[in-house]
Structure formats: C-alpha cells, structure tokens
$ cat protein11.cif   # mmCIF, C-alpha atoms and all ligand atoms
data_start
#
loop_
_atom_site.group_PDB
_atom_site.id
_atom_site.type_symbol
_atom_site.label_atom_id
_atom_site.label_comp_id
_atom_site.auth_asym_id
_atom_site.auth_seq_id
_atom_site.Cartn_x
_atom_site.Cartn_y
_atom_site.Cartn_z
ATOM 1 C CA MET N 1 0.000 0.000 0.000
ATOM 2 C CA GLN N 2 1.025 3.572 -0.520
ATOM 3 C CA LEU N 3 0.714 5.828 2.521
ATOM 4 C CA GLN N 4 0.104 9.013 0.561
ATOM 5 C CA ASP N 5 -3.356 10.521 1.085
ATOM 6 C CA GLN N 6 -4.408 7.694 3.424
ATOM 7 C CA ASN N 7 -6.574 7.957 6.538
ATOM 8 C CA ILE N 8 -4.436 6.317 9.217
ATOM 9 C CA VAL N 9 -4.957 5.292 12.848
ATOM 10 C CA VAL N 10 -2.050 4.474 15.145
ATOM 11 C CA THR N 11 -2.752 3.206 18.652
ATOM 12 C CA GLY N 12 -0.169 3.482 21.403
ATOM 13 C CA ALA N 13 1.086 6.522 19.478
ATOM 14 C CA GLY N 14 2.285 8.400 22.559
ATOM 15 C CA GLY N 15 5.723 6.788 22.613
ATOM 16 C CA GLY N 16 7.995 3.972 21.527
ATOM 17 C CA ILE N 17 7.047 2.080 18.383
ATOM 18 C CA GLY N 18 3.717 3.884 17.853
ATOM 19 C CA ALA N 19 5.346 7.334 17.860
ATOM 20 C CA ALA N 20 8.031 6.085 15.439
ATOM 21 C CA LEU N 21 5.324 4.747 13.086
ATOM 22 C CA VAL N 22 3.605 8.151 13.134
ATOM 23 C CA ARG N 23 6.887 9.932 12.354
ATOM 24 C CA ARG N 24 7.592 7.538 9.452
ATOM 25 C CA PHE N 25 4.075 7.630 8.002
ATOM 26 C CA ALA N 26 4.127 11.457 8.162
ATOM 27 C CA GLN N 27 6.998 11.505 5.634
ATOM 28 C CA ASP N 28 4.766 10.012 2.925
ATOM 29 C CA GLY N 29 2.032 12.671 3.007
ATOM 30 C CA PRO N 30 -0.989 10.912 4.527
ATOM 31 C CA ARG N 31 -4.401 12.609 4.560
ATOM 32 C CA THR N 32 -4.953 12.129 8.303
ATOM 33 C CA ILE N 33 -3.316 10.437 11.247
ATOM 34 C CA VAL N 34 -5.358 9.690 14.366
ATOM 35 C CA LEU N 35 -3.054 9.143 17.334
ATOM 36 C CA ALA N 36 -4.649 7.165 20.154
ATOM 37 C CA ASP N 37 -3.134 6.625 23.561
ATOM 38 C CA VAL N 38 -4.191 6.381 27.185
ATOM 39 C CA ASP N 39 -1.645 9.185 27.661
ATOM 40 C CA GLY N 40 -3.148 11.922 25.489
ATOM 41 C CA ALA N 41 -0.464 14.467 26.444
ATOM 42 C CA ALA N 42 2.261 12.128 25.195
ATOM 43 C CA ALA N 43 0.438 11.663 21.867
ATOM 44 C CA GLN N 44 -0.023 15.454 21.584
ATOM 45 C CA ALA N 45 3.729 15.899 22.156
ATOM 46 C CA VAL N 46 4.404 13.604 19.154
ATOM 47 C CA VAL N 47 2.155 15.822 17.001
ATOM 48 C CA ASP N 48 3.785 19.024 18.308
ATOM 49 C CA GLU N 49 7.228 17.736 17.325
ATOM 50 C CA LEU N 50 6.046 16.836 13.829
ATOM 51 C CA GLU N 51 4.352 20.100 12.857
ATOM 52 C CA PRO N 52 2.576 18.049 10.169
ATOM 53 C CA GLY N 53 1.120 19.431 6.964
ATOM 54 C CA PHE N 54 -1.923 17.154 7.257
ATOM 55 C CA ASP N 55 -4.786 16.648 9.693
ATOM 56 C CA THR N 56 -3.976 15.007 13.011
ATOM 57 C CA VAL N 57 -6.378 14.027 15.761
ATOM 58 C CA VAL N 58 -5.303 12.981 19.234
ATOM 59 C CA VAL N 59 -7.712 10.681 21.050
ATOM 60 C CA GLU N 60 -7.034 9.986 24.702
ATOM 61 C CA ALA N 61 -8.652 6.617 25.304
ATOM 62 C CA ASP N 62 -8.206 3.405 27.239
ATOM 63 C CA LEU N 63 -7.899 0.829 24.472
ATOM 64 C CA GLY N 64 -8.433 -1.945 26.978
ATOM 65 C CA THR N 65 -12.160 -1.219 26.557
ATOM 66 C CA GLU N 66 -14.453 -1.600 23.559
ATOM 67 C CA ALA N 67 -15.755 1.971 24.032
ATOM 68 C CA GLY N 68 -12.207 3.340 23.786
ATOM 69 C CA ASN N 69 -11.568 1.513 20.521
ATOM 70 C CA VAL N 70 -14.909 2.579 19.030
ATOM 71 C CA GLU N 71 -14.161 6.207 19.942
ATOM 72 C CA VAL N 72 -10.814 6.058 18.112
ATOM 73 C CA VAL N 73 -12.251 4.472 14.959
ATOM 74 C CA ARG N 74 -15.176 6.914 14.847
ATOM 75 C CA ALA N 75 -12.754 9.862 15.183
ATOM 76 C CA ALA N 76 -10.889 8.570 12.109
ATOM 77 C CA GLU N 77 -14.111 7.912 10.185
ATOM 78 C CA GLU N 78 -14.887 11.645 10.329
ATOM 79 C CA TYR N 79 -12.334 11.663 7.468
ATOM 80 C CA GLY N 80 -13.798 8.644 5.633
ATOM 81 C CA PRO N 81 -13.306 4.904 6.094
ATOM 82 C CA VAL N 82 -10.055 3.942 7.799
ATOM 83 C CA ASP N 83 -7.393 3.082 5.204
ATOM 84 C CA LEU N 84 -4.689 1.881 7.592
ATOM 85 C CA LEU N 85 -5.513 0.707 11.110
ATOM 86 C CA CYS N 86 -2.340 0.191 13.163
ATOM 87 C CA LEU N 87 -3.138 -1.692 16.345
ATOM 88 C CA ASN N 88 0.032 -1.205 18.293
ATOM 89 C CA ALA N 89 -0.811 -0.320 21.915
ATOM 90 C CA GLY N 90 0.287 -3.079 24.214
ATOM 91 C CA ILE N 91 1.581 -3.866 27.675
ATOM 92 C CA ALA N 92 3.887 -6.444 29.230
ATOM 93 C CA VAL N 93 2.936 -8.542 32.246
ATOM 94 C CA GLY N 94 5.377 -10.987 33.752
ATOM 95 C CA GLY N 95 5.035 -14.219 35.673
ATOM 96 C CA GLY N 96 3.448 -17.566 35.000
ATOM 97 C CA VAL N 97 0.082 -19.106 35.865
ATOM 98 C CA GLU N 98 0.429 -17.679 39.371
ATOM 99 C CA ALA N 99 -0.014 -14.145 37.983
ATOM 100 C CA PRO N 100 -3.339 -12.766 39.275
ATOM 101 C CA ASP N 101 -6.425 -13.178 37.092
ATOM 102 C CA GLU N 102 -6.798 -9.385 36.917
ATOM 103 C CA ASP N 103 -3.356 -9.149 35.269
ATOM 104 C CA TRP N 104 -4.250 -11.876 32.764
ATOM 105 C CA TYR N 105 -7.536 -10.153 31.893
ATOM 106 C CA ARG N 106 -5.906 -6.701 31.661
ATOM 107 C CA ILE N 107 -3.233 -7.850 29.234
ATOM 108 C CA PHE N 108 -5.766 -9.854 27.194
ATOM 109 C CA ASP N 109 -7.945 -6.759 26.870
ATOM 110 C CA ILE N 110 -5.114 -4.567 25.590
ATOM 111 C CA ASN N 111 -2.991 -7.029 23.605
ATOM 112 C CA VAL N 112 -5.817 -9.065 22.050
ATOM 113 C CA MET N 113 -9.356 -7.756 22.614
ATOM 114 C CA ALA N 114 -8.340 -4.227 21.547
ATOM 115 C CA HIS N 115 -7.598 -5.729 18.110
ATOM 116 C CA VAL N 116 -10.979 -7.475 18.062
ATOM 117 C CA TRP N 117 -12.824 -4.322 19.150
ATOM 118 C CA ALA N 118 -11.015 -1.953 16.766
ATOM 119 C CA VAL N 119 -11.456 -4.241 13.754
ATOM 120 C CA ARG N 120 -15.113 -4.811 14.694
ATOM 121 C CA ALA N 121 -15.616 -1.034 14.571
ATOM 122 C CA ALA N 122 -13.583 -0.317 11.419
ATOM 123 C CA LEU N 123 -14.343 -3.353 9.248
ATOM 124 C CA PRO N 124 -17.838 -2.344 8.025
ATOM 125 C CA GLY N 125 -16.454 0.930 6.620
ATOM 126 C CA MET N 126 -13.508 -0.872 5.037
ATOM 127 C CA LEU N 127 -15.744 -3.522 3.479
ATOM 128 C CA ALA N 128 -18.094 -0.848 2.127
ATOM 129 C CA GLN N 129 -15.195 0.884 0.343
ATOM 130 C CA GLY N 130 -13.770 -2.502 -0.757
ATOM 131 C CA SER N 131 -10.353 -1.883 0.769
ATOM 132 C CA GLY N 132 -8.583 -1.430 4.078
ATOM 133 C CA TYR N 133 -5.289 -2.344 5.691
ATOM 134 C CA ILE N 134 -4.805 -3.652 9.222
ATOM 135 C CA LEU N 135 -1.345 -3.661 10.805
ATOM 136 C CA THR N 136 -1.131 -5.352 14.176
ATOM 137 C CA THR N 137 1.898 -5.134 16.430
ATOM 138 C CA ALA N 138 2.332 -8.601 17.905
ATOM 139 C CA SER N 139 5.892 -9.640 18.790
ATOM 140 C CA ALA N 140 8.521 -12.285 18.119
ATOM 141 C CA ALA N 141 7.083 -13.650 21.388
ATOM 142 C CA GLY N 142 3.938 -14.438 19.381
ATOM 143 C CA LEU N 143 5.910 -16.792 17.128
ATOM 144 C CA LEU N 144 8.444 -18.046 19.684
ATOM 145 C CA THR N 145 7.945 -17.306 23.389
ATOM 146 C CA ASN N 146 8.892 -14.820 26.121
ATOM 147 C CA LEU N 147 11.014 -16.300 28.883
ATOM 148 C CA GLY N 148 9.531 -15.487 32.284
ATOM 149 C CA ALA N 149 6.342 -13.847 30.992
ATOM 150 C CA ALA N 150 3.522 -16.260 30.169
ATOM 151 C CA PRO N 151 0.766 -13.597 29.849
ATOM 152 C CA TYR N 152 2.851 -11.709 27.284
ATOM 153 C CA ALA N 153 3.771 -14.804 25.232
ATOM 154 C CA VAL N 154 0.202 -16.114 25.260
ATOM 155 C CA THR N 155 -1.463 -12.829 24.284
ATOM 156 C CA LYS N 156 1.055 -12.206 21.507
ATOM 157 C CA HIS N 157 0.400 -15.702 20.088
ATOM 158 C CA ALA N 158 -3.300 -14.795 20.126
ATOM 159 C CA ALA N 159 -2.570 -11.520 18.328
ATOM 160 C CA VAL N 160 -0.710 -13.392 15.565
ATOM 161 C CA ALA N 161 -3.572 -15.903 15.319
ATOM 162 C CA LEU N 162 -6.147 -13.141 14.966
ATOM 163 C CA ALA N 163 -4.103 -11.301 12.322
ATOM 164 C CA GLU N 164 -3.691 -14.420 10.179
ATOM 165 C CA TRP N 165 -7.369 -15.281 10.586
ATOM 166 C CA LEU N 166 -8.386 -11.794 9.415
ATOM 167 C CA ALA N 167 -6.011 -12.006 6.437
ATOM 168 C CA ILE N 168 -7.493 -15.326 5.343
ATOM 169 C CA THR N 169 -11.128 -14.496 6.019
ATOM 170 C CA HIS N 170 -11.324 -10.979 4.567
ATOM 171 C CA GLY N 171 -8.571 -11.052 1.926
ATOM 172 C CA ASP N 172 -11.002 -11.651 -0.936
ATOM 173 C CA ALA N 173 -12.990 -8.594 0.159
ATOM 174 C CA GLY N 174 -9.943 -6.350 -0.298
ATOM 175 C CA ILE N 175 -8.768 -6.304 3.323
ATOM 176 C CA LYS N 176 -5.019 -6.643 3.748
ATOM 177 C CA VAL N 177 -3.244 -7.510 6.962
ATOM 178 C CA SER N 178 0.341 -7.279 8.182
ATOM 179 C CA CYS N 179 1.586 -8.604 11.484
ATOM 180 C CA LEU N 180 4.634 -6.934 12.989
ATOM 181 C CA CYS N 181 6.759 -9.287 15.113
ATOM 182 C CA PRO N 182 9.812 -7.493 16.503
ATOM 183 C CA GLN N 183 12.273 -8.678 19.099
ATOM 184 C CA GLY N 184 13.971 -6.034 21.259
ATOM 185 C CA VAL N 185 13.193 -2.377 20.459
ATOM 186 C CA ARG N 186 14.537 0.541 22.524
ATOM 187 C CA THR N 187 11.296 1.756 24.154
ATOM 188 C CA LYS N 188 9.883 2.247 27.640
ATOM 189 C CA MET N 189 8.491 -1.291 27.531
ATOM 190 C CA LEU N 190 11.947 -2.832 27.188
ATOM 191 C CA PHE N 191 13.707 -0.211 29.323
ATOM 192 C CA PRO N 192 11.188 0.725 32.027
ATOM 193 C CA ASP N 193 12.215 3.117 34.799
ATOM 194 C CA ASP N 194 11.705 0.249 37.240
ATOM 195 C CA GLU N 195 14.388 -2.431 36.662
ATOM 196 C CA ASP N 196 12.404 -4.929 38.776
ATOM 197 C CA LEU N 197 9.635 -4.682 36.186
ATOM 198 C CA ALA N 198 12.178 -5.389 33.412
ATOM 199 C CA LYS N 199 13.270 -8.504 35.302
ATOM 200 C CA SER N 200 9.734 -9.761 35.856
ATOM 201 C CA THR N 201 8.631 -9.307 32.231
ATOM 202 C CA GLY N 202 11.701 -11.024 30.787
ATOM 203 C CA ALA N 203 12.849 -7.724 29.226
ATOM 204 C CA GLU N 204 16.394 -8.412 30.385
ATOM 205 C CA SER N 205 16.683 -11.607 28.325
ATOM 206 C CA VAL N 206 15.050 -9.935 25.303
ATOM 207 C CA ARG N 207 17.694 -7.164 25.455
ATOM 208 C CA MET N 208 20.446 -9.795 25.287
ATOM 209 C CA GLN N 209 19.163 -10.877 21.858
ATOM 210 C CA GLY N 210 19.855 -7.404 20.427
ATOM 211 C CA VAL N 211 17.981 -4.123 20.457
ATOM 212 C CA ILE N 212 17.038 -1.898 17.508
ATOM 213 C CA GLU N 213 15.830 1.714 17.497
ATOM 214 C CA PRO N 214 12.113 2.479 16.985
ATOM 215 C CA ASP N 215 12.867 4.603 13.886
ATOM 216 C CA GLU N 216 14.809 1.692 12.339
ATOM 217 C CA LEU N 217 11.819 -0.543 12.935
ATOM 218 C CA ALA N 218 9.445 2.024 11.395
ATOM 219 C CA GLU N 219 11.511 1.996 8.195
ATOM 220 C CA VAL N 220 11.166 -1.803 7.968
ATOM 221 C CA VAL N 221 7.413 -1.438 8.522
ATOM 222 C CA ALA N 222 7.134 1.096 5.680
ATOM 223 C CA ILE N 223 8.847 -1.395 3.351
ATOM 224 C CA GLY N 224 6.657 -4.267 4.590
ATOM 225 C CA LEU N 225 3.505 -2.219 3.973
ATOM 226 C CA ALA N 226 4.700 -1.166 0.501
ATOM 227 C CA ASP N 227 5.272 -4.871 -0.298
ATOM 228 C CA GLU N 228 1.985 -5.840 1.427
ATOM 229 C CA ARG N 229 3.797 -8.606 3.271
ATOM 230 C CA PHE N 230 1.865 -10.422 6.016
ATOM 231 C CA LEU N 231 4.772 -11.021 8.371
ATOM 232 C CA ILE N 232 6.991 -8.019 9.074
ATOM 233 C CA LEU N 233 10.190 -9.009 10.875
ATOM 234 C CA PRO N 234 12.488 -6.117 11.816
ATOM 235 C CA HIS N 235 14.886 -8.735 13.260
ATOM 236 C CA PRO N 236 15.340 -11.108 10.279
ATOM 237 C CA GLU N 237 16.899 -13.823 12.473
ATOM 238 C CA VAL N 238 13.451 -14.393 14.001
ATOM 239 C CA LEU N 239 12.498 -16.213 10.792
ATOM 240 C CA ASP N 240 15.338 -18.717 11.382
ATOM 241 C CA TYR N 241 14.363 -19.214 15.039
ATOM 242 C CA TRP N 242 10.752 -19.767 13.985
ATOM 243 C CA ARG N 243 11.731 -22.274 11.288
ATOM 244 C CA ARG N 244 13.834 -24.190 13.818
ATOM 245 C CA LYS N 245 10.826 -24.291 16.142
ATOM 246 C CA THR N 246 8.492 -25.702 13.501
ATOM 247 C CA ASP N 247 11.153 -28.103 12.155
ATOM 248 C CA ASP N 248 11.638 -29.808 15.523
ATOM 249 C CA TYR N 249 9.410 -28.553 18.345
ATOM 250 C CA ASP N 250 10.958 -30.763 21.053
ATOM 251 C CA ARG N 251 14.488 -29.717 20.181
ATOM 252 C CA TRP N 252 13.380 -26.072 20.260
ATOM 253 C CA ILE N 253 11.813 -26.467 23.727
ATOM 254 C CA GLY N 254 15.053 -28.055 24.941
ATOM 255 C CA GLY N 255 17.026 -25.134 23.538
ATOM 256 C CA MET N 256 14.736 -22.598 25.201
ATOM 257 C CA ARG N 257 15.111 -24.388 28.544
ATOM 258 C CA LYS N 258 18.874 -24.075 28.240
ATOM 259 C CA LEU N 259 18.593 -20.400 27.292
ATOM 260 C CA GLN N 260 16.335 -19.815 30.292
ATOM 261 C CA ALA N 261 18.846 -21.480 32.617
ATOM 262 C CA ARG N 262 21.622 -19.304 31.166
ATOM 263 C CA THR N 263 19.790 -15.992 31.295
ATOM 264 C CA GLN N 264 17.697 -16.411 34.434
ATOM 265 C CA GLY N 265 19.460 -19.085 36.410
HETATM 266 N N1 LIG W 301 9.763 -2.750 22.748
HETATM 267 C C1 LIG W 301 9.917 -4.004 22.363
HETATM 268 O O1 LIG W 301 11.009 -4.582 22.513
HETATM 269 C C2 LIG W 301 8.767 -4.740 21.713
HETATM 270 C C3 LIG W 301 9.047 -5.972 21.099
HETATM 271 C C4 LIG W 301 8.002 -6.663 20.489
HETATM 272 C C5 LIG W 301 6.725 -6.138 20.479
HETATM 273 N N2 LIG W 301 6.492 -4.935 21.103
HETATM 274 C C6 LIG W 301 5.113 -4.443 21.061
HETATM 275 O O2 LIG W 301 5.104 -3.157 20.470
HETATM 276 C C7 LIG W 301 3.958 -2.432 20.921
HETATM 277 C C8 LIG W 301 4.379 -1.059 21.352
HETATM 278 O O3 LIG W 301 5.231 -1.194 22.473
HETATM 279 P P1 LIG W 301 6.432 -0.199 22.819
HETATM 280 O O4 LIG W 301 7.634 -1.023 22.952
HETATM 281 O O5 LIG W 301 6.411 0.952 21.918
HETATM 282 O O6 LIG W 301 5.984 0.176 24.306
HETATM 283 P P2 LIG W 301 5.769 1.567 25.012
HETATM 284 O O7 LIG W 301 5.406 1.205 26.402
HETATM 285 O O8 LIG W 301 6.926 2.461 24.759
HETATM 286 O O9 LIG W 301 4.512 2.193 24.242
HETATM 287 C C9 LIG W 301 3.232 1.652 24.379
HETATM 288 C C10 LIG W 301 2.221 2.776 24.251
HETATM 289 O O10 LIG W 301 0.930 2.197 24.403
HETATM 290 C C11 LIG W 301 0.180 2.986 25.302
HETATM 291 N N3 LIG W 301 -0.814 2.190 25.991
HETATM 292 C C12 LIG W 301 -0.596 1.193 26.903
HETATM 293 N N4 LIG W 301 -1.749 0.730 27.367
HETATM 294 C C13 LIG W 301 -2.734 1.425 26.755
HETATM 295 C C14 LIG W 301 -4.148 1.422 26.849
HETATM 296 N N5 LIG W 301 -4.812 0.615 27.678
HETATM 297 N N6 LIG W 301 -4.842 2.283 26.055
HETATM 298 C C15 LIG W 301 -4.189 3.140 25.232
HETATM 299 N N7 LIG W 301 -2.865 3.209 25.126
HETATM 300 C C16 LIG W 301 -2.136 2.353 25.876
HETATM 301 C C17 LIG W 301 1.201 3.580 26.265
HETATM 302 O O11 LIG W 301 0.726 4.756 26.921
HETATM 303 C C18 LIG W 301 2.393 3.833 25.341
HETATM 304 O O12 LIG W 301 2.381 5.140 24.787
HETATM 305 C C19 LIG W 301 3.330 -3.276 22.023
HETATM 306 O O13 LIG W 301 2.232 -3.988 21.513
HETATM 307 C C20 LIG W 301 4.461 -4.223 22.402
HETATM 308 O O14 LIG W 301 3.991 -5.417 22.961
HETATM 309 C C21 LIG W 301 7.476 -4.237 21.707
#

$ encode --input "protein11.cif" --output "structure tokens"
Amino acid sequence: MQLQDQNIVVTGAGGGIGAALVRRFAQDGPRTIVLADVDGAAAQAVVDELEPGFDTVVVEADLGTEAGNVEVVRAAEEYGPVDLLCLNAGIAVGGGVEAPDEDWYRIFDINVMAHVWAVRAALPGMLAQGSGYILTTASAAGLLTNLGAAPYAVTKHAAVALAEWLAITHGDAGIKVSCLCPQGVRTKMLFPDDEDLAKSTGAESVRMQGVIEPDELAEVVAIGLADERFLILPHPEVLDYWRRKTDDYDRWIGGMRKLQARTQG
C-alpha cells in the first residue's frame, strides 16, 4: 500500500514504536493520522514535534475497553473509512500461571481484545469501500515465546492468530493484513524506569538478543507495507528461530530451557 493521502490510525502513538510509526508515516504525506493513547499528552507531544502538513487528531482513550476503541475508529471515520488501522498499543505482564487473574484479563484486553474491538468497529467501513489495511503489532514472542512472561507470550500468540485469521477471512474482500513481530526495540516497555519490572517481564533476556531503534523498525514497517507482506520481521533472524521451532518442536523447547537457565538461572 502507498501511505500518501491515506486515513491512518495508530494506537499506542504516545511513545515507543507507535510514535516512530507516526513519524515515518508522516513523511509520505498521509491525509490524516489519528493518534490514540491512554496518555493523550504524550500523543499530543508527538504531534507538536512533527508540525505536520496534514490533519492530526489525538484521542485519549483506554484501548483496553471496547468503548475506547470505538471512539478512536469513529474519530478517524470523520475523514472517511479507515485506510490503515495500526493496532500497536500493548503492555507487558510478567510471571506464569500464578499471575493474578486481573493481570491476565488486563493484558488480554489490551494485547488481544483491543484488536478485536477496533477491527469490529472499522471493518464495516472498510468492506463498504472494498479496501482497508490492518497492521497489528504482535511480537517475536507471538511466534516463539517470552522467557519469564507467560501472559505476554500467550497474548502475543493470540494476536498473531487473529491477524492471520483476518487475512485469510477478509482477503477476498480487499482487506489486507500485516503482522509486525519485533524482538527487542529501545522503548519504555523494554527499558522501564523500574528495573524490577524489566526482570519480571523477561525484558532483560530480550535485550540480550539485540535491540534496535524504533525509527529503524518504522523503516522496515514502511517497506513491509509497501510490499503488502503479512509477516513483518524487523529482526530477520526471528524467521530462522521460527523455522527451527516448527522443524523440531521438542528440540526447540530443549534449547529454550537451556537459554532460560543461562539468562535467568
Ligand atoms: N519494545 C519491544 O522490545 C517490543 C518488542 C516486540 C513487540 N512490542 C510491542 O510493540 C507495541 C508497542 O510497544 P512499545 O515497545 O512501543 O511500548 P511503550 O510502552 O513504549 O509504548 C506503548 C504505548 O501504548 C500505550 N498504551 C498502553 N496501554 C494502553 C491502553 N490501555 N490504552 C491506550 N494506550 C495504551 C502507552 O501509553 C504507550 O504510549 C506493544 O504492543 C508491544 O507489545 C514491543
């Protein structure tokens, strides 16, 4: 897809990957960008830095609710059907099955249900115009795993599953889907102020695999969207890891156990 003259939504646009996507998309002359974030001031700061020559709308909304997602999509639809819906807001929660139910539900709402709710709101408009593009930010953890953080790994697998299901189900109706699966990216999520949080979410072991800058990632996304590729991998080695996993699942689990012992033992 070409980004020029498109009506674009980016969620989680107040920082990190979302802000970098906005900066990159802005270079190609879109018609509109709607920036959604629970931190509206942070999203406004991204706009202020850009001084864009196109319409921008900041929506402060909790995307862990259906109402928040509907509000964002309706704000974009003031400019016509959504052309590119980037579902990027996400959180990390660490721990295993002992993590409290409220943490599991919270991360499911933001990392998975937000995608369901936003697509539910935007799809009728896209189908009516016979085209639309959905970009979801999952993670390499959605293809592989996340050591030490079951809720993150599980929700990111679900995000990949939803993206591929949408691509298959609505492809013939002109709906295109890309699924972004990065490993480490230099953002607040990977480098939180609280180092204990980084330990509990497995961020420390992700950092050891290599970290790229958000603007570097955004460039790879722009190329992936231009090529209309389903899987966008800013860390190309993830494809090799994923192939090794599917080639021999048991061997891969053994390897991950060793890696866990090395990085967390
Ligand atoms: N940073 C990495 O290494 C990495 C790797 C793989 C995938 N990801 C994914 O990339 C996406 C963006 O993460 P990031 O690294 O830029 O993190 P980040 O924490 O820097 O940015 C996330 C943004 O989402 C917003 N947000 C969080 N919860 C929200 C909610 N309920 N409603 C609205 N906005 C909300 C935050 O305010 C923040 O601006 C996430 O889905 C994350 O899982 C990140």

$ residues_near_ligand --input "protein11.cif" --ligand "ligand LIG 301 (chain W)" --cutoff "8 Å" --atoms "all atoms listed in the file" --output "PyMOL selection string"
chain N and resi 11-19+36-39+42-43+60-65+68+87-92+110-111+137-141+152+156+180-190+203+206-207+211+214

$ closest_atom_pairs --input "protein11.cif" --of "stretch 79-174 of chain N" --to "stretch 250-258 of chain N" --cutoff "12 Å" --atoms "all atoms listed in the file" --output "JSON lines"
{"residue": "N:Leu144", "atom": "CA", "partner": "N:Trp252", "partner_atom": "CA", "distance": 9.4}
{"residue": "N:Thr145", "atom": "CA", "partner": "N:Met256", "partner_atom": "CA", "distance": 8.8}
{"residue": "N:Asn146", "atom": "CA", "partner": "N:Met256", "partner_atom": "CA", "distance": 9.8}
{"residue": "N:Leu147", "atom": "CA", "partner": "N:Met256", "partner_atom": "CA", "distance": 8.2}
{"residue": "N:Gly148", "atom": "CA", "partner": "N:Arg257", "partner_atom": "CA", "distance": 11.2}

$ resolve_selection --input "protein11.cif" --expression "the PyMOL selection byres (((chain N and resi 129-135) around 6) and not hetatm)" --output "list in words"
Asp83, Leu84, Leu85, Cys86, Met126, Leu127, Ala128, Thr136, Gly174, Ile175, Lys176, Val177, Ser178 and Cys179 of chain N

$ closest_residue --input "protein11.cif" --among "N:Ala218, N:Ala149, N:Pro52, N:Gln4" --to "N:Ile107" --atoms "all atoms listed in the file"
N:Ala149

$ resolve_selection --input "protein11.cif" --expression "the PyMOL selection byres (((chain N and resi 69-78) around 8) and not hetatm)" --output "PDB file with C-alpha atoms, keeping the file's coordinate frame"
ATOM      1  CA  ASN N   7      -6.574   7.957   6.538  1.00  0.00           C
ATOM      2  CA  ILE N   8      -4.436   6.317   9.217  1.00  0.00           C
ATOM      3  CA  VAL N   9      -4.957   5.292  12.848  1.00  0.00           C
ATOM      4  CA  THR N  32      -4.953  12.129   8.303  1.00  0.00           C
ATOM      5  CA  ILE N  33      -3.316  10.437  11.247  1.00  0.00           C
ATOM      6  CA  VAL N  34      -5.358   9.690  14.366  1.00  0.00           C
ATOM      7  CA  ALA N  36      -4.649   7.165  20.154  1.00  0.00           C
ATOM      8  CA  VAL N  57      -6.378  14.027  15.761  1.00  0.00           C
ATOM      9  CA  VAL N  59      -7.712  10.681  21.050  1.00  0.00           C
ATOM     10  CA  ALA N  61      -8.652   6.617  25.304  1.00  0.00           C
ATOM     11  CA  ASP N  62      -8.206   3.405  27.239  1.00  0.00           C
ATOM     12  CA  LEU N  63      -7.899   0.829  24.472  1.00  0.00           C
ATOM     13  CA  GLY N  64      -8.433  -1.945  26.978  1.00  0.00           C
ATOM     14  CA  THR N  65     -12.160  -1.219  26.557  1.00  0.00           C
ATOM     15  CA  GLU N  66     -14.453  -1.600  23.559  1.00  0.00           C
ATOM     16  CA  ALA N  67     -15.755   1.971  24.032  1.00  0.00           C
ATOM     17  CA  GLY N  68     -12.207   3.340  23.786  1.00  0.00           C
ATOM     18  CA  TYR N  79     -12.334  11.663   7.468  1.00  0.00           C
ATOM     19  CA  GLY N  80     -13.798   8.644   5.633  1.00  0.00           C
ATOM     20  CA  PRO N  81     -13.306   4.904   6.094  1.00  0.00           C
ATOM     21  CA  VAL N  82     -10.055   3.942   7.799  1.00  0.00           C
ATOM     22  CA  ALA N 114      -8.340  -4.227  21.547  1.00  0.00           C
ATOM     23  CA  TRP N 117     -12.824  -4.322  19.150  1.00  0.00           C
ATOM     24  CA  ALA N 118     -11.015  -1.953  16.766  1.00  0.00           C
ATOM     25  CA  ALA N 121     -15.616  -1.034  14.571  1.00  0.00           C
ATOM     26  CA  ALA N 122     -13.583  -0.317  11.419  1.00  0.00           C
TER      27      ALA N 122
END

$ atom_distance --input "protein11.cif" --atom1 "atom CA of N:Val112" --atom2 "atom CA of N:Gly142"
11.5 Å

$ closest_residue --input "protein11.cif" --among "N:Val93, N:Val119, N:Val221, N:Val160" --to "N:Lys199" --atoms "only C-alpha atoms"
N:Val93

$ atom_distance --input "protein11.cif" --atom1 "atom CA of N:Asp55" --atom2 "atom CA of N:Ala26"
10.4 Å

$ atom_distance --input "protein11.cif" --atom1 "atom CA of N:Pro30" --atom2 "atom CA of N:Leu217"
19.1 Å

$ decode --input "protein11.cif" --residues "stretch 247-260 of chain N" --atoms "N, CA and C atoms" --output "CSV table (one decimal), in the first residue's frame"
chain,number,residue,atom,x,y,z
N,247,ASP,N,10.4,-26.9,12.7
N,247,ASP,CA,11.2,-28.1,12.2
N,247,ASP,C,11.2,-29.2,13.2
N,248,ASP,N,11.5,-28.8,14.5
N,248,ASP,CA,11.6,-29.8,15.5
N,248,ASP,C,11.2,-29.2,16.9
N,249,TYR,N,10.0,-29.2,17.2
N,249,TYR,CA,9.4,-28.6,18.3
N,249,TYR,C,10.1,-29.0,19.6
N,250,ASP,N,10.4,-30.3,19.8
N,250,ASP,CA,11.0,-30.8,21.1
N,250,ASP,C,12.4,-30.2,21.2
N,251,ARG,N,13.1,-30.2,20.1
N,251,ARG,CA,14.5,-29.7,20.2
N,251,ARG,C,14.5,-28.2,20.6
N,252,TRP,N,13.5,-27.5,20.0
N,252,TRP,CA,13.4,-26.1,20.3
N,252,TRP,C,13.1,-25.8,21.7
N,253,ILE,N,12.1,-26.6,22.3
N,253,ILE,CA,11.8,-26.5,23.7
N,253,ILE,C,13.0,-26.7,24.6
N,254,GLY,N,13.8,-27.8,24.2
N,254,GLY,CA,15.1,-28.1,24.9
N,254,GLY,C,16.0,-26.9,24.9
N,255,GLY,N,16.1,-26.3,23.7
N,255,GLY,CA,17.0,-25.1,23.5
N,255,GLY,C,16.6,-23.9,24.4
N,256,MET,N,15.3,-23.7,24.4
N,256,MET,CA,14.7,-22.6,25.2
N,256,MET,C,14.9,-22.8,26.7
N,257,ARG,N,14.9,-24.1,27.1
N,257,ARG,CA,15.1,-24.4,28.5
N,257,ARG,C,16.5,-24.1,28.9
N,258,LYS,N,17.5,-24.4,28.0
N,258,LYS,CA,18.9,-24.1,28.2
N,258,LYS,C,19.1,-22.6,28.3
N,259,LEU,N,18.5,-21.9,27.3
N,259,LEU,CA,18.6,-20.4,27.3
N,259,LEU,C,18.0,-19.8,28.6
N,260,GLN,N,16.9,-20.3,29.0
N,260,GLN,CA,16.3,-19.8,30.3
N,260,GLN,C,17.3,-20.0,31.5
